[in-house]
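Below: one structure, written as structure tokens.
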Amino acid sequence: MSSPQAPLPPPFAPDPQPAPALLAPDSVAYLEFKARLLLLFMLALVLGSALYVLYARGAFESTQRLVLVADDSEGVVVGMDMTFSGFPIGRVQRVELAPDGKARIVMDVAAKDAHWLRTSSVFTLVRGLVGAPTLRAYSGLLNDPPLPDGAVRTVLQGDASAEIPQVVFAAKALIDNLNGLTGGNGAVSSTISNLQRLTYRLNGPGGALTVLLGSEAEAKKFTLTLERTNTLLARLDGLALKADTQVFGKQGVMPETRASVMQLNTLLGEARTSLKKVDAILADAKVVSANAKDASTDLNVLRAEVEASLRKIESLVTEINRKWPFARDAEMKLP
Amino acid sequence: MSFLACYGLLPGARYHQRMTSTPSLHGRLTRAGRVVRLWFLQWWQLVHLGAVILVLALSPSSYSPGSRLLLGRHLYLNTAPILPGFSVLCALMTVVLTRIVLVTALSYGLSQYALQVVIRVLVLELIPLSAALFVALRCTIPDGAELMAMQASGELDELRRQGVDPLRREVLPRVVAGLFSGVTLAALSCVVALVVAYVATYGFALSGLAAYTRLFGQVFSPAVTLIFVLKTLFFCLAVSLIPMASALYGVNGRQGSSIRTSAEMRGLVRMFAVILLIEVASLVGNYY
């Protein structure tokens, strides 16, 4: 093997315009310092980027192991997120085939988010029509004990694309039913022919009445009934007119009743006046009785005075009788 | 290199013995053999130069105080002037692409995949490629031209006569500077693109940082990260090495005034072919 200098060609004629950098090798001030600074900047940039990638990959966060067992791990890739209420709390670390033929999805759940997972938590693997499948965790009872490290849980699988054949089959059955309905002997066809007959009868003599009552004769009876009802209504109208005249006319019941009521009012007024007079008489009688009462009181006093005067007279007569010569000797002479 | 020469000569001799009756066919086959030999030779020279440069780059003896100063000068002059401009260009491109992808994804109801698409397209694919091409156009191709001028003027031979290894003195600093420039540009542009994509999506708020980081982590799986790092390194190596190899070996056996142009063109074509191969290999690694 020859040295790298061996294939170098013989010198050519000098270039008339050599590069300017060759002519001014030390044109930059503090070149060494700037070069070191640039080197440090590049190292910091690369190291920072590497650290950020490690951080983003979860290299610095403490985790808890969780194993999900699924029948089919198609679409599950390493690094995929598991979400809880839409927030990623763990990521797939490894996908492996278990001895029983099931897929084991080994996950790392961040320790700070592990408290969302409880022993009663449910895990689902849902495949949409578009995009990667999603792993979700649901914890209905947050008071249950926390999920232990290394727990193994079965994942419930829902596959939207797996439903497509069933949906297609159901749609096909539906289309068959529709074809049966809309065919020559189908229900829709007979309904339309019935509708056509109905329209014909509606346009015929009797119209809708024939349709409703079944035959033209019945429709005529109905028309006759209607005419008689009209006549009856006209007679009722005349009757009502007469009743109106008798009740509300000039010689009707109502004006007379009104006059009677007015007379009754007058009578009641007079009775009210009479009662007022009786009331005044009663008041006078009350005054009279009061005066009589006072008079009886005065009579008592007078009687007392008369009695006193009579006693005085009696005592005076007694005195006179005692003093008077003709007075009988009142002394008793004892024998 | 001797076995290659044999590889180039032997087929011609064999054809000469067998095809004496058909001189035109013989001539064509001889020309084809020469082309194949040249093709192998050029690629071998490239690989050999790369290996030698790598060994020199990893040898502590290459970093004597004088060499360090020269290397520092190349590092600084190849990187610092183009760093701000490329970062701004990258930020603008990120804003435009992020808006396009976000609006399109929203109109199709696939907004949850928009940021992932932005990170994959921009950070994983576009930025390393554009950084490498930018470094090639602004630094390493002019460096190659400079080296070719030195080669043509006999400056390298003069150095060799003075006992100074031209590879260690002139080629190694340029290759290392190109490598460094490419890696720095790619790293800074990725960071700028990530920040701008975040701001364009979530605005100036920190609330989406956790979700964004998680999404970033999902995209950058170990395999994707390894392919990304290897791709960036190989891009930078290709754009640093191939112009130097074209400058050193490109003028071999050519005559006339079109020698230099032809060598530069062939170097460019080879460089783009290598970049294309690396990109295809990375795509195969990422998505198959």
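In the structure tokens, each chain is lettered A, B, ... as it comes, each chain's residues begin at 1, and ligands are numbered from 1 in order of appearance.
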
What are the residues of chain B lining chain A at 6 Å or less? Count only C-alpha atoms, and put the answer as number ranges by chain. B: 1, 72, 76, 146, 149, 152-154, 184, 213-214, 217-218, 252

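The list of residues with at least one atom within 10 Å of B:Arg169, based on only C-alpha atoms and without residues fewer than 2 positions apart in the same chain, reads Ser62, Gly66, Ser67, Leu70, Leu71, Leu156, Leu159, Val164, Asp165, Pro166, Leu167, Val171, Leu172, Pro173 and Arg174 of chain B.
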
Any chance you could export the current selection's N, CA and C atoms as a CSV table (one decimal), in the first residue's frame?
chain,number,residue,atom,x,y,z
B,62,SER,N,-0.8,15.2,16.3
B,62,SER,CA,-1.3,16.2,15.3
B,62,SER,C,-1.7,17.5,16.0
B,66,GLY,N,1.6,24.6,17.5
B,66,GLY,CA,1.5,25.3,16.2
B,66,GLY,C,0.3,24.8,15.4
B,67,SER,N,0.1,23.5,15.5
B,67,SER,CA,-1.0,22.9,14.7
B,67,SER,C,-2.3,23.3,15.3
B,70,LEU,N,-3.3,26.7,14.1
B,70,LEU,CA,-3.8,26.6,12.7
B,70,LEU,C,-5.2,25.9,12.6
B,71,LEU,N,-5.4,24.9,13.5
B,71,LEU,CA,-6.7,24.2,13.5
B,71,LEU,C,-7.7,25.1,14.1
B,156,LEU,N,2.6,22.6,-1.9
B,156,LEU,CA,2.6,21.4,-1.1
B,156,LEU,C,3.9,20.6,-1.3
B,159,LEU,N,6.5,22.2,0.8
B,159,LEU,CA,6.4,21.8,2.2
B,159,LEU,C,7.0,20.4,2.4
B,164,VAL,N,7.9,18.9,6.0
B,164,VAL,CA,6.6,19.0,6.6
B,164,VAL,C,5.6,18.2,5.8
B,165,ASP,N,4.8,17.4,6.6
B,165,ASP,CA,3.7,16.6,6.0
B,165,ASP,C,2.6,17.5,5.5
B,166,PRO,N,2.3,17.7,4.2
B,166,PRO,CA,1.2,18.5,3.8
B,166,PRO,C,-0.2,18.1,4.3
B,167,LEU,N,-0.3,16.8,4.5
B,167,LEU,CA,-1.6,16.2,5.0
B,167,LEU,C,-1.8,16.7,6.4
B,171,VAL,N,-4.2,19.7,5.1
B,171,VAL,CA,-5.5,18.9,4.8
B,171,VAL,C,-6.2,18.7,6.1
B,172,LEU,N,-5.5,18.1,7.1
B,172,LEU,CA,-6.2,17.8,8.3
B,172,LEU,C,-7.0,18.9,9.0
B,173,PRO,N,-6.4,20.1,9.1
B,173,PRO,CA,-7.2,21.2,9.7
B,173,PRO,C,-8.4,21.5,8.9
B,174,ARG,N,-8.3,21.5,7.6
B,174,ARG,CA,-9.5,21.8,6.8
B,174,ARG,C,-10.6,20.7,6.9

Can you pull out the residues contacting B:Ser189? Cut-off 7 Å, using only C-alpha atoms, and skip same-chain residues under 2 positions away; I want them as a short mmCIF file (atom, residue, chain, number, x, y, z; two decimals) with N, CA and C atoms, in the first residue's frame.
data_model
loop_
_atom_site.label_atom_id
_atom_site.label_comp_id
_atom_site.auth_asym_id
_atom_site.auth_seq_id
_atom_site.Cartn_x
_atom_site.Cartn_y
_atom_site.Cartn_z
N SER B 87 -28.57 29.75 11.12
CA SER B 87 -29.58 29.58 12.18
C SER B 87 -30.84 30.36 11.85
N CYS B 90 -32.67 28.72 9.08
CA CYS B 90 -33.30 27.51 9.58
C CYS B 90 -34.57 27.84 10.37
N ILE B 127 -32.66 19.17 8.23
CA ILE B 127 -31.61 20.02 8.80
C ILE B 127 -30.21 19.41 8.64
N LEU B 185 -23.29 23.30 13.06
CA LEU B 185 -24.45 23.86 12.36
C LEU B 185 -25.67 22.97 12.51
N ALA B 186 -25.46 21.67 12.36
CA ALA B 186 -26.60 20.75 12.46
C ALA B 186 -27.17 20.78 13.88
N ALA B 187 -26.28 20.76 14.90
CA ALA B 187 -26.77 20.73 16.28
C ALA B 187 -27.52 22.01 16.62
N VAL B 191 -31.60 22.54 17.44
CA VAL B 191 -32.12 23.19 18.65
C VAL B 191 -33.02 24.37 18.27
N VAL B 192 -32.55 25.18 17.32
CA VAL B 192 -33.35 26.34 16.89
C VAL B 192 -34.68 25.88 16.29
N ALA B 193 -34.63 24.82 15.49
CA ALA B 193 -35.86 24.32 14.85
C ALA B 193 -36.82 23.80 15.90
#

Need the shell around stretch 142-144 of chain B: protein/DNA/RNA residues with any atom at most 6 Å away, counting only C-alpha atoms. Skip same-chain ones fewer than 2 positions apart. Format as JSON, numbers by chain? {"B": [139, 140, 146, 147, 243, 244, 247]}

So that I can check the secondary structure, give me every residue of stretch 56-197 of chain B assigned alpha helix (DSSP H) by backbone DSSP, as a PyMOL selection string. chain B and resi 56-58+65-79+83-107+114-118+127-135+141-153+155-161+166+172-197

Mind writing the picked residues with C-alpha atoms as a short mmCIF file (atom, residue, chain, number, x, y, z; two decimals), in the first residue's frame?
data_model
loop_
_atom_site.label_atom_id
_atom_site.label_comp_id
_atom_site.auth_asym_id
_atom_site.auth_seq_id
_atom_site.Cartn_x
_atom_site.Cartn_y
_atom_site.Cartn_z
CA LEU B 56 -4.15 11.76 12.02
CA ALA B 57 -7.17 13.37 13.68
CA LEU B 58 -7.05 10.83 16.48
CA PRO B 65 0.82 24.07 19.76
CA GLY B 66 1.48 25.31 16.23
CA SER B 67 -1.02 22.88 14.72
CA ARG B 68 -3.59 23.79 17.35
CA LEU B 69 -3.37 27.44 16.35
CA LEU B 70 -3.81 26.57 12.70
CA LEU B 71 -6.66 24.20 13.50
CA GLY B 72 -8.33 26.81 15.69
CA ARG B 73 -8.11 29.33 12.89
CA HIS B 74 -9.76 26.95 10.45
CA LEU B 75 -12.40 25.94 12.99
CA TYR B 76 -13.31 29.52 13.73
CA LEU B 77 -13.24 30.81 10.16
CA ASN B 78 -15.22 27.85 8.85
CA THR B 79 -17.91 27.97 11.52
CA LEU B 83 -23.48 30.11 12.11
CA PRO B 84 -25.89 33.06 12.66
CA GLY B 85 -27.01 33.22 9.04
CA PHE B 86 -27.75 29.53 8.83
CA SER B 87 -29.58 29.58 12.18
CA VAL B 88 -31.81 32.43 11.04
CA LEU B 89 -32.47 30.67 7.73
CA CYS B 90 -33.30 27.51 9.58
CA ALA B 91 -35.66 29.34 11.95
CA LEU B 92 -37.51 30.89 9.02
CA MET B 93 -37.80 27.55 7.26
CA THR B 94 -39.08 25.97 10.47
CA VAL B 95 -41.75 28.63 10.96
CA VAL B 96 -43.02 28.23 7.42
CA LEU B 97 -42.98 24.43 7.41
CA THR B 98 -44.53 24.19 10.87
CA ARG B 99 -47.40 26.45 9.86
CA ILE B 100 -47.97 24.52 6.65
CA VAL B 101 -47.96 21.14 8.40
CA LEU B 102 -50.11 22.34 11.31
CA VAL B 103 -52.75 23.95 9.11
CA THR B 104 -52.85 20.98 6.74
CA ALA B 105 -53.06 18.47 9.58
CA LEU B 106 -55.80 20.51 11.24
CA SER B 107 -57.84 20.60 8.05
CA ALA B 114 -48.56 17.44 13.10
CA LEU B 115 -45.73 18.09 15.55
CA GLN B 116 -44.37 14.60 15.09
CA VAL B 117 -44.29 15.16 11.35
CA VAL B 118 -42.54 18.51 11.83
CA ILE B 127 -31.61 20.02 8.80
CA PRO B 128 -28.63 17.59 8.70
CA LEU B 129 -28.80 17.57 4.91
CA SER B 130 -29.09 21.33 4.57
CA ALA B 131 -26.34 21.90 7.16
CA ALA B 132 -24.00 19.59 5.29
CA LEU B 133 -24.76 21.24 1.95
CA PHE B 134 -24.37 24.70 3.46
CA VAL B 135 -20.99 23.78 4.93
CA ILE B 141 -15.53 23.44 -1.51
CA PRO B 142 -13.67 26.79 -1.22
CA ASP B 143 -11.19 24.99 1.03
CA GLY B 144 -10.76 22.34 -1.64
CA ALA B 145 -10.19 25.02 -4.26
CA GLU B 146 -7.63 26.62 -1.98
CA LEU B 147 -5.86 23.31 -1.56
CA MET B 148 -5.97 22.74 -5.27
CA ALA B 149 -4.36 26.12 -5.80
CA MET B 150 -1.63 25.19 -3.38
CA GLN B 151 -1.20 21.89 -5.15
CA ALA B 152 -1.02 23.59 -8.50
CA SER B 153 1.42 26.22 -7.31
CA GLU B 155 3.35 24.83 -2.38
CA LEU B 156 2.58 21.36 -1.07
CA ASP B 157 5.68 19.94 -2.73
CA GLU B 158 7.69 22.72 -1.23
CA LEU B 159 6.35 21.80 2.20
CA ARG B 160 7.20 18.17 1.57
CA ARG B 161 10.74 19.15 0.58
CA PRO B 166 1.20 18.54 3.82
CA LEU B 172 -6.18 17.77 8.33
CA PRO B 173 -7.17 21.22 9.69
CA ARG B 174 -9.49 21.79 6.78
CA VAL B 175 -11.19 18.41 7.09
CA VAL B 176 -11.54 18.71 10.89
CA ALA B 177 -12.85 22.26 10.50
CA GLY B 178 -15.43 21.12 7.94
CA LEU B 179 -16.47 18.27 10.20
CA PHE B 180 -16.74 20.55 13.19
CA SER B 181 -18.63 23.18 11.24
CA GLY B 182 -21.14 20.65 9.93
CA VAL B 183 -21.78 19.13 13.35
CA THR B 184 -22.11 22.55 15.02
CA LEU B 185 -24.45 23.86 12.36
CA ALA B 186 -26.60 20.75 12.46
CA ALA B 187 -26.77 20.73 16.28
CA LEU B 188 -27.57 24.43 16.60
CA SER B 189 -30.10 24.30 13.79
CA CYS B 190 -31.84 21.32 15.36
CA VAL B 191 -32.12 23.19 18.65
CA VAL B 192 -33.35 26.34 16.89
CA ALA B 193 -35.86 24.32 14.85
CA LEU B 194 -37.18 22.57 17.96
CA VAL B 195 -37.59 25.85 19.82
CA VAL B 196 -39.22 27.60 16.87
CA ALA B 197 -41.57 24.66 16.21
#

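Between atom CA of B:Glu264 and atom CA of B:Phe235 the separation is 18.5 Å.
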
I want to know what sits within 8 Å of B:Lys231, based on only C-alpha atoms, with residues of the same chain fewer than 2 positions away left out; could you give that as a PyMOL selection string? chain B and resi 128+227-229+233-235+278-279+282

What would the file look like if the residues just selected were written as a PDB file, in the first residue's frame with C-alpha atoms?
ATOM      1  CA  PRO B 128     -28.630  17.591   8.696  1.00  0.00           C
ATOM      2  CA  ILE B 227     -29.161   6.704  12.653  1.00  0.00           C
ATOM      3  CA  PHE B 228     -29.511  10.476  13.048  1.00  0.00           C
ATOM      4  CA  VAL B 229     -26.100  10.802  14.700  1.00  0.00           C
ATOM      5  CA  LEU B 233     -21.415  12.489  11.020  1.00  0.00           C
ATOM      6  CA  PHE B 234     -21.212  10.815   7.623  1.00  0.00           C
ATOM      7  CA  PHE B 235     -22.713  13.858   5.902  1.00  0.00           C
ATOM      8  CA  ILE B 278     -26.190   8.273   2.987  1.00  0.00           C
ATOM      9  CA  GLU B 279     -29.652   9.819   2.926  1.00  0.00           C
ATOM     10  CA  SER B 282     -30.731   6.496   6.644  1.00  0.00           C
TER      11      SER B 282
END

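The shortest atom-to-atom distance to A:Lys102, with only C-alpha atoms taken into account, belongs to A:Val155 out of A:Val155, A:Pro146, A:Met82, A:Ser120.
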